[in-house]
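Here's the structure we're looking at; comments come further down.
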Amino acid sequence: ATNNVLRKVVQYPARGLVYDSNGELLVYNQAAYDLLVTPREVVRFDTLTLCSLVDITIEEFRQKFQEARAYSSYKPSVIVKQISPEKYAVLQEHLYKLKGFYIQPRTLRQYPKPLAAHVLGYVGEVTRDITANDPYYQSGDYIGISGIEKTYEKELRGKKGVKYFLVDVHNRMQGSYLDGRADSAAQIGKNLVLTIDARLQEYAEQLMKNKKGSIVAIDPATGEVLAMVSTPNYDPNLLVGRQRGNNYAALAADSLKPLFNRSLMAQYPPGSTFKMANALVALQEGVITPYTEYYCAHGYHVGNFTVGCHHEQSFRVENSISQSCNAYYCYIFRAILENPKYGGVKQGYEAWREYMLRLGFGRVLNTDFANELKGLIPSSDYYQKYVYRNARWRALPIISLSIGQGEIGITPLQMANHTALIANRGYYYIPHVVKEIEGQPIDVRFKTPVSSGIDSSWFRPVINGMEKVMQPGGTGAMS
């Protein structure tokens, strides 16, 4: 009976604003309007004029109207979504001639600069699965689909309000119910301040223009992500408004995959950047000291098997890093796996893998990024199934792991985090992209250091070697 005399009109709050670390506005809201219809109330009107005002064809209008009538002749249905303020300004002058039609205000996301699309993410309409599993959302609502819009959806969305109106037997509004005493006001979403520096982000995106790959910059002292770039990327404004569906389809069909966030989801063989991790594990395990030498004879040779290299000299930890000697890391990787205290190569591999997990590889880092993947550090079961089968475990079949090749897959975020761990000499703060949430602290996990289990004393020779990479004789020296 109550439903027969009351109309509940939802009041949608504006989503929270998003700023960069210096207070530059990255995401704001713009008014938009949905046109609703109650079919039972509609009287004869100029269909062509209405369609021209809201930019739809007569065929589209007729289809939407039939869908609304099939749903209910007495209840309102959205017939045109996301009308721009400019179109609404003209439409409202004609509404008095359009009995049965009325406007429901909304807000849409807008982006002052086409920056950080993968970090910010986008908002889209809820699916049936979402409405079935979360009573907060109703059909036609919007929700964060990716990026921080998804991770911080509850903070950004605010809280819907409601107004109640008395209606007659034909669902025509007769006035406010109880003079508005039963109404509730919408609560605007909370603003976010990101760790991203918009100027650094813009510069990094310019560096990656017309390239495919990723850049991730982290402040080791805090774990704050200062820039995160995945290219090819896209203008976030493309996924806003009435053309969002068409634009998304075009982006999804693009062979260069601009929607794919390579920073979090691409898994690359790390190559020589992985050598520091193996050096640290070997030092911690005691199978080498900073002064242990191995000779490189243009590579690592066992019988007819060779891992090539370009040196004819002996190396210690520092210059093995600065000159990137493959042979040195084959020797120390084998020493780790064959460490007598483990009683076998398989057990040695499992111990090595555990170190890699603690160094932040092969697992999710528990960041505040949506869709973060864990990369790959294969388990011993994987190698037992695909490499050794019934054979005895030996180091040689997986020796390529020593130089960051083989089955390893590392995300750019993980490698940046590992470098931050080296800078901190053994620990890191979980990478995160939100610096402040209006009215509440960020999660305590982002303030808590995570230990690698490597003693801080072993980082000095590794860091010295990294510094010497850019000096004369180093692999990165500028001529």
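Ligands are numbered from 1 in the order shown, chains are lettered A, B, ... in the order of the structure tokens, and residues start at 1 in each chain.
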
Would you please give, as an MDAnalysis selection string, all residues of segment 156-376 of chain A that DSSP assigns to alpha helix (DSSP H) based on the backbone?
chainID A and resid 156:157 198:207 244:253 262:265 275:285 317:322 326:337 345:358

Could you give me, as an MDAnalysis selection string, the residues within 7 Å of segment 154-170 of chain A, counting only C-alpha atoms and dropping anything in the same chain fewer than 6 positions from it?
chainID A and resid 5:13 15:16 74 176:177 183:191

Which residues are near Leu95 of chain A? Cut-off 12 Å, only C-alpha atoms, ignore same chain within fewer than 4 positions. Put them as a ChimeraX atom specification.
/A:35-37,42,45-46,49-50,53,88-91,99-103

Residue contacts of Ile79 of chain A (12 Å, only C-alpha atoms) excluding same-chain residues fewer than 3 positions away, as a PyMOL selection string
chain A and resi 33-39+50-51+54+56+60-69+71+76+82-83+100-104+140

Would you save the residues of that selection, restricted to N, CA, C and O atoms, as a compact mmCIF listing (two decimals), in the first residue's frame?
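Below is the file selection.txt, written as the result:
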```txt
# COMPACT_ATOMS: atom_id res chain seq x y z
N TYR A 33 22.63 14.54 -16.90
CA TYR A 33 21.21 14.37 -16.59
C TYR A 33 20.66 13.15 -17.34
O TYR A 33 20.98 12.93 -18.51
N ASP A 34 19.86 12.36 -16.63
CA ASP A 34 19.14 11.25 -17.24
C ASP A 34 17.70 11.68 -17.48
O ASP A 34 17.08 12.33 -16.62
N LEU A 35 17.16 11.32 -18.63
CA LEU A 35 15.76 11.58 -18.93
C LEU A 35 14.95 10.32 -18.61
O LEU A 35 15.23 9.25 -19.14
N LEU A 36 13.98 10.46 -17.72
CA LEU A 36 13.13 9.34 -17.31
C LEU A 36 11.73 9.53 -17.86
O LEU A 36 11.29 10.66 -18.11
N VAL A 37 11.02 8.43 -18.00
CA VAL A 37 9.64 8.48 -18.48
C VAL A 37 8.78 7.55 -17.66
O VAL A 37 9.20 6.45 -17.28
N THR A 38 7.56 8.01 -17.35
CA THR A 38 6.52 7.16 -16.79
C THR A 38 5.47 6.99 -17.88
O THR A 38 4.69 7.91 -18.16
N PRO A 39 5.48 5.84 -18.57
CA PRO A 39 4.66 5.68 -19.79
C PRO A 39 3.19 6.03 -19.61
O PRO A 39 2.57 6.60 -20.50
N LEU A 50 11.81 15.96 -29.57
CA LEU A 50 12.48 15.38 -28.39
C LEU A 50 13.75 14.64 -28.80
O LEU A 50 14.80 14.81 -28.16
N CYS A 51 13.68 13.85 -29.85
CA CYS A 51 14.85 13.07 -30.27
C CYS A 51 16.00 13.98 -30.70
O CYS A 51 17.17 13.70 -30.41
N VAL A 54 17.85 15.40 -27.60
CA VAL A 54 18.69 14.51 -26.79
C VAL A 54 19.60 13.63 -27.64
O VAL A 54 20.22 12.69 -27.14
N ILE A 56 19.19 11.29 -30.10
CA ILE A 56 18.94 9.89 -30.41
C ILE A 56 18.02 9.82 -31.61
O ILE A 56 17.32 10.79 -31.93
N GLU A 60 15.64 4.52 -32.00
CA GLU A 60 16.19 4.26 -30.65
C GLU A 60 15.18 4.66 -29.59
O GLU A 60 15.00 3.95 -28.59
N PHE A 61 14.52 5.81 -29.81
CA PHE A 61 13.55 6.28 -28.82
C PHE A 61 12.40 5.29 -28.69
O PHE A 61 11.99 4.95 -27.57
N ARG A 62 11.89 4.83 -29.81
CA ARG A 62 10.75 3.90 -29.77
C ARG A 62 11.12 2.61 -29.06
O ARG A 62 10.32 2.05 -28.29
N GLN A 63 12.33 2.12 -29.31
CA GLN A 63 12.78 0.90 -28.64
C GLN A 63 12.86 1.11 -27.13
O GLN A 63 12.39 0.28 -26.35
N LYS A 64 13.47 2.23 -26.71
CA LYS A 64 13.60 2.52 -25.27
C LYS A 64 12.22 2.70 -24.62
O LYS A 64 11.99 2.27 -23.49
N PHE A 65 11.32 3.35 -25.34
CA PHE A 65 9.99 3.59 -24.78
C PHE A 65 9.24 2.27 -24.60
O PHE A 65 8.57 2.05 -23.58
N GLN A 66 9.38 1.37 -25.57
CA GLN A 66 8.73 0.07 -25.46
C GLN A 66 9.31 -0.73 -24.30
O GLN A 66 8.58 -1.44 -23.58
N GLU A 67 10.64 -0.64 -24.11
CA GLU A 67 11.26 -1.32 -22.97
C GLU A 67 10.75 -0.76 -21.65
O GLU A 67 10.50 -1.52 -20.70
N ALA A 68 10.58 0.56 -21.58
CA ALA A 68 10.06 1.19 -20.36
C ALA A 68 8.62 0.75 -20.09
O ALA A 68 8.25 0.44 -18.96
N ARG A 69 7.81 0.68 -21.14
CA ARG A 69 6.42 0.26 -20.98
C ARG A 69 6.34 -1.21 -20.56
O ARG A 69 5.51 -1.59 -19.73
N TYR A 71 8.51 -2.76 -18.81
CA TYR A 71 8.92 -2.83 -17.40
C TYR A 71 7.76 -2.44 -16.49
O TYR A 71 7.40 -3.16 -15.57
N PRO A 76 8.74 5.00 -13.23
CA PRO A 76 9.67 5.68 -14.14
C PRO A 76 10.81 4.78 -14.58
O PRO A 76 11.29 3.94 -13.82
N GLN A 82 22.81 10.33 -19.45
CA GLN A 82 23.99 11.19 -19.53
C GLN A 82 23.84 12.31 -20.56
O GLN A 82 24.66 12.47 -21.46
N ILE A 83 22.79 13.07 -20.39
CA ILE A 83 22.59 14.25 -21.23
C ILE A 83 23.51 15.36 -20.72
O ILE A 83 23.57 15.62 -19.51
N GLY A 100 4.88 13.42 -18.53
CA GLY A 100 5.33 12.06 -18.25
C GLY A 100 6.85 11.91 -18.28
O GLY A 100 7.37 10.87 -17.87
N PHE A 101 7.55 12.93 -18.75
CA PHE A 101 9.01 12.91 -18.79
C PHE A 101 9.55 13.82 -17.69
O PHE A 101 8.99 14.89 -17.42
N TYR A 102 10.61 13.39 -17.06
CA TYR A 102 11.27 14.27 -16.09
C TYR A 102 12.76 13.94 -16.02
O TYR A 102 13.23 12.93 -16.53
N ILE A 103 13.52 14.82 -15.40
CA ILE A 103 14.99 14.75 -15.36
C ILE A 103 15.48 14.29 -14.00
O ILE A 103 14.95 14.70 -12.96
N GLN A 104 16.51 13.46 -14.02
CA GLN A 104 17.20 13.04 -12.80
C GLN A 104 18.67 13.43 -12.93
O GLN A 104 19.35 12.97 -13.84
N GLY A 140 21.30 0.72 -13.16
CA GLY A 140 21.50 2.10 -13.59
C GLY A 140 22.52 2.86 -12.78
O GLY A 140 22.95 3.95 -13.18
```
